[in-house]
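Trainee: Contents of my_file.pdb (PDB, C-alpha atoms, pLDDT in the B column) are below:
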```
ATOM      1  CA  MET P   1      97.314  78.126  84.266  1.00 79.00           C
ATOM      2  CA  ILE P   2      95.806  80.292  81.535  1.00 85.00           C
ATOM      3  CA  ALA P   3      92.419  80.167  83.254  1.00 89.00           C
ATOM      4  CA  LEU P   4      93.987  81.255  86.565  1.00 89.00           C
ATOM      5  CA  VAL P   5      95.822  84.156  84.913  1.00 89.00           C
ATOM      6  CA  ALA P   6      92.628  85.215  83.111  1.00 90.00           C
ATOM      7  CA  ALA P   7      90.606  85.025  86.337  1.00 94.00           C
ATOM      8  CA  LEU P   8      93.190  87.029  88.277  1.00 93.00           C
ATOM      9  CA  GLY P   9      93.356  89.554  85.442  1.00 91.00           C
ATOM     10  CA  ALA P  10      89.590  89.951  85.658  1.00 94.00           C
ATOM     11  CA  VAL P  11      89.824  90.368  89.443  1.00 95.00           C
ATOM     12  CA  ALA P  12      92.516  93.032  88.999  1.00 94.00           C
ATOM     13  CA  VAL P  13      90.453  94.976  86.460  1.00 93.00           C
ATOM     14  CA  ILE P  14      87.182  94.700  88.390  1.00 95.00           C
ATOM     15  CA  THR P  15      88.685  95.730  91.721  1.00 95.00           C
ATOM     16  CA  GLY P  16      90.574  98.525  89.969  1.00 91.00           C
ATOM     17  CA  LEU P  17      87.308  99.848  88.530  1.00 90.00           C
ATOM     18  CA  LEU P  18      85.520  99.486  91.868  1.00 91.00           C
ATOM     19  CA  VAL P  19      88.065 101.864  93.408  1.00 87.00           C
ATOM     20  CA  PHE P  20      86.233 104.686  91.651  1.00 82.00           C
ATOM     21  CA  THR P  21      82.732 103.599  92.668  1.00 83.00           C
ATOM     22  CA  VAL P  22      82.948 103.304  96.455  1.00 83.00           C
ATOM     23  CA  ASP P  23      82.175 106.181  98.810  1.00 76.00           C
ATOM     24  CA  SER P  24      85.059 105.582 101.211  1.00 75.00           C
ATOM     25  CA  MET P  25      88.753 106.231 100.798  1.00 77.00           C
ATOM     26  CA  ALA P  26      89.474 103.282 103.108  1.00 78.00           C
ATOM     27  CA  ARG P  27      87.396 100.929 100.947  1.00 82.00           C
ATOM     28  CA  ALA P  28      89.050 102.334  97.830  1.00 84.00           C
ATOM     29  CA  THR P  29      92.448 101.628  99.370  1.00 86.00           C
ATOM     30  CA  PHE P  30      91.578  97.991 100.103  1.00 90.00           C
ATOM     31  CA  LEU P  31      90.149  97.513  96.599  1.00 92.00           C
ATOM     32  CA  LEU P  32      93.343  98.957  95.119  1.00 92.00           C
ATOM     33  CA  LEU P  33      95.338  96.564  97.288  1.00 93.00           C
ATOM     34  CA  ALA P  34      93.255  93.642  95.990  1.00 95.00           C
ATOM     35  CA  SER P  35      93.973  94.756  92.424  1.00 95.00           C
ATOM     36  CA  PHE P  36      97.729  94.962  93.042  1.00 94.00           C
ATOM     37  CA  VAL P  37      97.811  91.576  94.785  1.00 95.00           C
ATOM     38  CA  ALA P  38      95.967  89.971  91.856  1.00 95.00           C
ATOM     39  CA  VAL P  39      98.548  91.414  89.447  1.00 94.00           C
ATOM     40  CA  ALA P  40     101.368  90.212  91.719  1.00 93.00           C
ATOM     41  CA  VAL P  41      99.970  86.665  91.756  1.00 93.00           C
ATOM     42  CA  VAL P  42      99.838  86.792  87.941  1.00 92.00           C
ATOM     43  CA  LEU P  43     103.530  87.763  87.979  1.00 90.00           C
ATOM     44  CA  ILE P  44     104.264  84.799  90.244  1.00 90.00           C
ATOM     45  CA  GLY P  45     102.254  82.584  87.875  1.00 88.00           C
ATOM     46  CA  PHE P  46     104.463  83.763  85.011  1.00 86.00           C
ATOM     47  CA  GLY P  47     107.532  82.583  86.922  1.00 84.00           C
ATOM     48  CA  LEU P  48     108.568  85.995  88.239  1.00 83.00           C
ATOM     49  CA  GLY P  49     108.438  84.955  91.890  1.00 84.00           C
ATOM     50  CA  TYR P  50     110.762  87.614  93.248  1.00 84.00           C
ATOM     51  CA  LEU P  51     109.040  90.470  91.449  1.00 85.00           C
ATOM     52  CA  GLY P  52     105.572  89.243  92.440  1.00 88.00           C
ATOM     53  CA  THR P  53     106.623  88.860  96.071  1.00 89.00           C
ATOM     54  CA  VAL P  54     108.152  92.337  96.117  1.00 88.00           C
ATOM     55  CA  VAL P  55     104.930  93.795  94.677  1.00 90.00           C
ATOM     56  CA  ILE P  56     102.846  92.034  97.337  1.00 92.00           C
ATOM     57  CA  LEU P  57     105.118  93.174 100.168  1.00 90.00           C
ATOM     58  CA  MET P  58     105.426  96.734  98.889  1.00 90.00           C
ATOM     59  CA  MET P  59     101.760  97.265  98.116  1.00 91.00           C
ATOM     60  CA  THR P  60     100.523  95.655 101.333  1.00 91.00           C
ATOM     61  CA  ILE P  61     102.716  97.856 103.502  1.00 89.00           C
ATOM     62  CA  GLU P  62     102.010 100.955 101.409  1.00 89.00           C
ATOM     63  CA  MET P  63      98.235 100.456 101.425  1.00 88.00           C
ATOM     64  CA  MET P  64      98.107  99.721 105.159  1.00 87.00           C
ATOM     65  CA  ILE P  65     100.011 102.929 105.889  1.00 85.00           C
ATOM     66  CA  MET P  66      97.714 104.807 103.514  1.00 84.00           C
ATOM     67  CA  VAL P  67      94.536 103.473 105.122  1.00 80.00           C
ATOM     68  CA  VAL P  68      95.806 104.416 108.594  1.00 80.00           C
ATOM     69  CA  PHE P  69      96.293 107.990 107.416  1.00 78.00           C
ATOM     70  CA  MET P  70      92.971 107.983 105.568  1.00 74.00           C
ATOM     71  CA  VAL P  71      91.050 106.935 108.654  1.00 73.00           C
ATOM     72  CA  MET P  72      93.046 109.336 110.792  1.00 74.00           C
ATOM     73  CA  LEU P  73      92.855 112.440 108.611  1.00 73.00           C
ATOM     74  CA  MET P  74      89.896 112.167 106.235  1.00 69.00           C
ATOM     75  CA  MET P  75      86.576 113.731 107.112  1.00 67.00           C
ATOM     76  CA  ASN P  76      84.684 110.789 105.577  1.00 64.00           C
ATOM     77  CA  PRO P  77      86.795 107.652 106.125  1.00 58.00           C
ATOM     78  CA  ALA P  78      83.922 105.198 106.546  1.00 59.00           C
ATOM     79  CA  GLY P  79      81.868 106.459 103.618  1.00 57.00           C
ATOM     80  CA  LEU P  80      78.925 107.602 105.696  1.00 57.00           C
ATOM     81  CA  MET P  81      78.479 110.699 103.529  1.00 62.00           C
ATOM     82  CA  PRO P  82      78.287 110.401  99.727  1.00 62.00           C
ATOM     83  CA  MET P  83      81.425 111.425  97.890  1.00 65.00           C
ATOM     84  CA  THR P  84      83.048 110.790  94.544  1.00 66.00           C
ATOM     85  CA  MET P  85      86.615 109.753  93.787  1.00 64.00           C
ATOM     86  CA  VAL P  86      86.632 111.371  90.333  1.00 68.00           C
ATOM     87  CA  HIS P  87      86.665 115.120  89.772  1.00 76.00           C
ATOM     88  CA  ASN P  88      86.428 115.345  85.983  1.00 83.00           C
ATOM     89  CA  ARG P  89      84.349 112.327  85.009  1.00 81.00           C
ATOM     90  CA  ARG P  90      84.217 112.905  81.214  1.00 89.00           C
ATOM     91  CA  GLY P  91      87.860 113.867  80.942  1.00 90.00           C
ATOM     92  CA  SER P  92      89.010 110.925  83.024  1.00 84.00           C
ATOM     93  CA  TRP P  93      86.918 108.506  80.950  1.00 85.00           C
ATOM     94  CA  ALA P  94      88.385 109.927  77.739  1.00 93.00           C
ATOM     95  CA  ILE P  95      91.957 109.667  79.033  1.00 93.00           C
ATOM     96  CA  ALA P  96      91.356 106.144  80.356  1.00 89.00           C
ATOM     97  CA  LEU P  97      89.869 104.910  77.083  1.00 94.00           C
ATOM     98  CA  VAL P  98      92.681 106.419  74.991  1.00 97.00           C
ATOM     99  CA  ALA P  99      95.332 104.939  77.318  1.00 96.00           C
ATOM    100  CA  PHE P 100      93.596 101.546  77.253  1.00 94.00           C
ATOM    101  CA  GLY P 101      93.449 101.621  73.448  1.00 96.00           C
ATOM    102  CA  LEU P 102      97.119 102.535  73.116  1.00 96.00           C
ATOM    103  CA  LEU P 103      98.234  99.870  75.588  1.00 94.00           C
ATOM    104  CA  THR P 104      96.067  97.228  73.915  1.00 94.00           C
ATOM    105  CA  ALA P 105      97.452  98.177  70.501  1.00 95.00           C
ATOM    106  CA  GLY P 106     100.963  97.947  71.953  1.00 92.00           C
ATOM    107  CA  VAL P 107     100.340  94.447  73.255  1.00 90.00           C
ATOM    108  CA  TRP P 108      99.216  93.208  69.849  1.00 92.00           C
ATOM    109  CA  LEU P 109     101.476  95.229  67.552  1.00 93.00           C
ATOM    110  CA  VAL P 110     104.882  95.334  69.276  1.00 89.00           C
ATOM    111  CA  PRO P 111     107.004  92.242  68.662  1.00 86.00           C
ATOM    112  CA  PHE P 112     108.202  90.938  72.007  1.00 75.00           C
ATOM    113  CA  PRO P 113     111.775  89.590  72.166  1.00 70.00           C
ATOM    114  CA  VAL P 114     112.306  85.868  72.503  1.00 70.00           C
ATOM    115  CA  ARG P 115     114.958  84.710  74.932  1.00 65.00           C
ATOM    116  CA  ALA P 116     117.497  82.532  73.167  1.00 62.00           C
ATOM    117  CA  SER P 117     117.992  79.054  74.575  1.00 60.00           C
ATOM    118  CA  ALA P 118     121.397  77.705  75.529  1.00 53.00           C
ATOM    119  CA  ALA P 119     121.413  75.409  72.467  1.00 54.00           C
ATOM    120  CA  SER P 120     120.814  78.304  70.052  1.00 58.00           C
ATOM    121  CA  ARG P 121     123.776  80.184  71.564  1.00 54.00           C
ATOM    122  CA  GLY P 122     126.067  77.243  70.809  1.00 56.00           C
ATOM    123  CA  VAL P 123     126.359  76.077  74.419  1.00 52.00           C
ATOM    124  CA  THR P 124     126.166  72.296  74.542  1.00 53.00           C
ATOM    125  CA  SER P 125     127.198  71.633  78.151  1.00 52.00           C
ATOM    126  CA  GLY P 126     127.813  73.439  81.406  1.00 49.00           C
ATOM    127  CA  PRO P 127     125.827  76.244  82.979  1.00 51.00           C
ATOM    128  CA  ALA P 128     123.739  78.619  80.888  1.00 51.00           C
ATOM    129  CA  VAL P 129     125.499  81.743  79.679  1.00 52.00           C
ATOM    130  CA  GLY P 130     124.684  84.786  81.799  1.00 59.00           C
ATOM    131  CA  PRO P 131     122.647  85.078  84.996  1.00 62.00           C
ATOM    132  CA  ASP P 132     118.915  84.607  85.209  1.00 72.00           C
ATOM    133  CA  PRO P 133     117.349  88.061  84.671  1.00 75.00           C
ATOM    134  CA  THR P 134     115.053  87.705  87.702  1.00 71.00           C
ATOM    135  CA  VAL P 135     117.952  86.826  89.997  1.00 72.00           C
ATOM    136  CA  ALA P 136     120.032  89.650  88.513  1.00 76.00           C
ATOM    137  CA  LEU P 137     117.179  92.124  89.099  1.00 75.00           C
ATOM    138  CA  GLY P 138     116.723  90.998  92.699  1.00 71.00           C
ATOM    139  CA  ASP P 139     120.445  91.248  93.361  1.00 75.00           C
ATOM    140  CA  ALA P 140     120.629  94.686  91.752  1.00 77.00           C
ATOM    141  CA  LEU P 141     117.657  96.009  93.745  1.00 75.00           C
ATOM    142  CA  MET P 142     118.430  94.649  97.186  1.00 76.00           C
ATOM    143  CA  GLY P 143     121.702  92.789  97.183  1.00 76.00           C
ATOM    144  CA  GLY P 144     122.243  91.503 100.672  1.00 75.00           C
ATOM    145  CA  GLN P 145     119.922  94.056 102.257  1.00 78.00           C
ATOM    146  CA  MET P 146     116.547  92.282 101.951  1.00 74.00           C
ATOM    147  CA  LEU P 147     116.340  91.465 105.675  1.00 77.00           C
ATOM    148  CA  THR P 148     117.330  95.028 106.540  1.00 81.00           C
ATOM    149  CA  MET P 149     114.635  96.486 104.280  1.00 77.00           C
ATOM    150  CA  MET P 150     111.957  94.162 105.675  1.00 78.00           C
ATOM    151  CA  THR P 151     112.935  95.081 109.240  1.00 85.00           C
ATOM    152  CA  LEU P 152     112.890  98.797 108.405  1.00 83.00           C
ATOM    153  CA  GLY P 153     109.426  98.433 106.850  1.00 82.00           C
ATOM    154  CA  LEU P 154     108.050  96.779 109.982  1.00 88.00           C
ATOM    155  CA  ALA P 155     109.748  99.377 112.196  1.00 89.00           C
ATOM    156  CA  LEU P 156     108.224 102.187 110.115  1.00 86.00           C
ATOM    157  CA  LEU P 157     104.771 100.627 110.351  1.00 85.00           C
ATOM    158  CA  ALA P 158     105.126 100.188 114.130  1.00 88.00           C
ATOM    159  CA  THR P 159     106.251 103.813 114.436  1.00 88.00           C
ATOM    160  CA  ILE P 160     103.235 105.057 112.497  1.00 83.00           C
ATOM    161  CA  VAL P 161     100.811 102.954 114.533  1.00 84.00           C
ATOM    162  CA  GLY P 162     102.504 104.138 117.741  1.00 85.00           C
ATOM    163  CA  ALA P 163     102.343 107.785 116.657  1.00 81.00           C
ATOM    164  CA  VAL P 164      98.630 107.429 115.859  1.00 79.00           C
ATOM    165  CA  ALA P 165      98.004 105.734 119.235  1.00 82.00           C
ATOM    166  CA  VAL P 166      99.791 108.526 121.094  1.00 82.00           C
ATOM    167  CA  ALA P 167      98.042 111.260 119.096  1.00 77.00           C
ATOM    168  CA  VAL P 168      94.511 109.911 119.582  1.00 77.00           C
ATOM    169  CA  SER P 169      92.556 111.494 122.390  1.00 67.00           C
ATOM    170  CA  ARG P 170      91.858 109.139 125.284  1.00 66.00           C
ATOM    171  CA  ARG P 171      88.368 110.512 126.022  1.00 59.00           C
TER     172      ARG P 171
END
```
Using the file provided, produce a representation of the structure as structure tokens.

Mentor:
Amino acid sequence: MIALVAALGAVAVITGLLVFTVDSMARATFLLLASFVAVAVVLIGFGLGYLGTVVILMMTIEMMIMVVFMVMLMMNPAGLMPMTMVHNRRGSWAIALVAFGLLTAGVWLVPFPVRASAASRGVTSGPAVGPDPTVALGDALMGGQMLTMMTLGLALLATIVGAVAVAVSRR
């Protein structure tokens, strides 16, 4: 499990870095999607199935919509002309390195809370005290509306694809 998480973490970092090296906004979008999916699978590997699934669904739909608009509106969607994704290379490197250092220091220096077991709370039988945090988060975010939100997402995607199909010249 640790090897899988480490491999997916490496995939997420590498594809995230490759976003800034490709010449095409469409390719950058797909690389960013690969990075998000790798992080989502890590979340699922950590036992956060709902959160990982929501990240996969959200990012896949978001990136597909973004790539449709990139191909439709960008002057260089296929990367046939050289371009760069970074405007201030030195400044962005400095900000990225400082942010990486602070986040890494936070991982190693901040004491993470430990969830108390049922036995340490004095519960010897019966259900655990309090709801599972993942279930509580899912219920708070969507409640009974998950099917509605999924249907609306597909309807929005179909509307965008339809609008692009109608707007494209038939020459």

Trainee: Do a neighbour search on P:Leu141 at 12 Å with all atoms listed in the file, toss out local chain neighbours closer than 6 positions, and write the hits as an MDAnalysis selection string.

Mentor: chainID P and resid 50:51 54 134:135 149

Trainee: Find, counting all atoms listed in the file, the residue in P:Met25, P:Ala140, P:Leu18, P:Val5 that gets nearest to P:Met70.

Mentor: P:Met25

Trainee: Here is a test: counting only C-alpha atoms, which residue of P:Ala10, P:Val166, P:Val42, P:Val37 is nearest to P:Leu57?

Mentor: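 Closest candidate: P:Val37.
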
Trainee: Which value, in Å to one decimal, gives the distance between atom CA of P:Met58 and atom CA of P:Leu154?

Mentor: 11.4 Å

Trainee: How far is it from atom CA of P:Ala94 to atom CA of P:Trp108, in Å with one decimal?

Mentor: 21.4 Å

Trainee: For this file, the PyMOL selection byres ((chain P and resi 60-63) around 10) selects which residues, as a ChimeraX atom specification?

Mentor: /P:26,29-34,36-37,54-59,64-69,153-154,156-157

Trainee: Quick check, in Å to one decimal: how far apart do atom CA of P:Leu97 and atom CA of P:Val41 lie?

Mentor: 25.5 Å
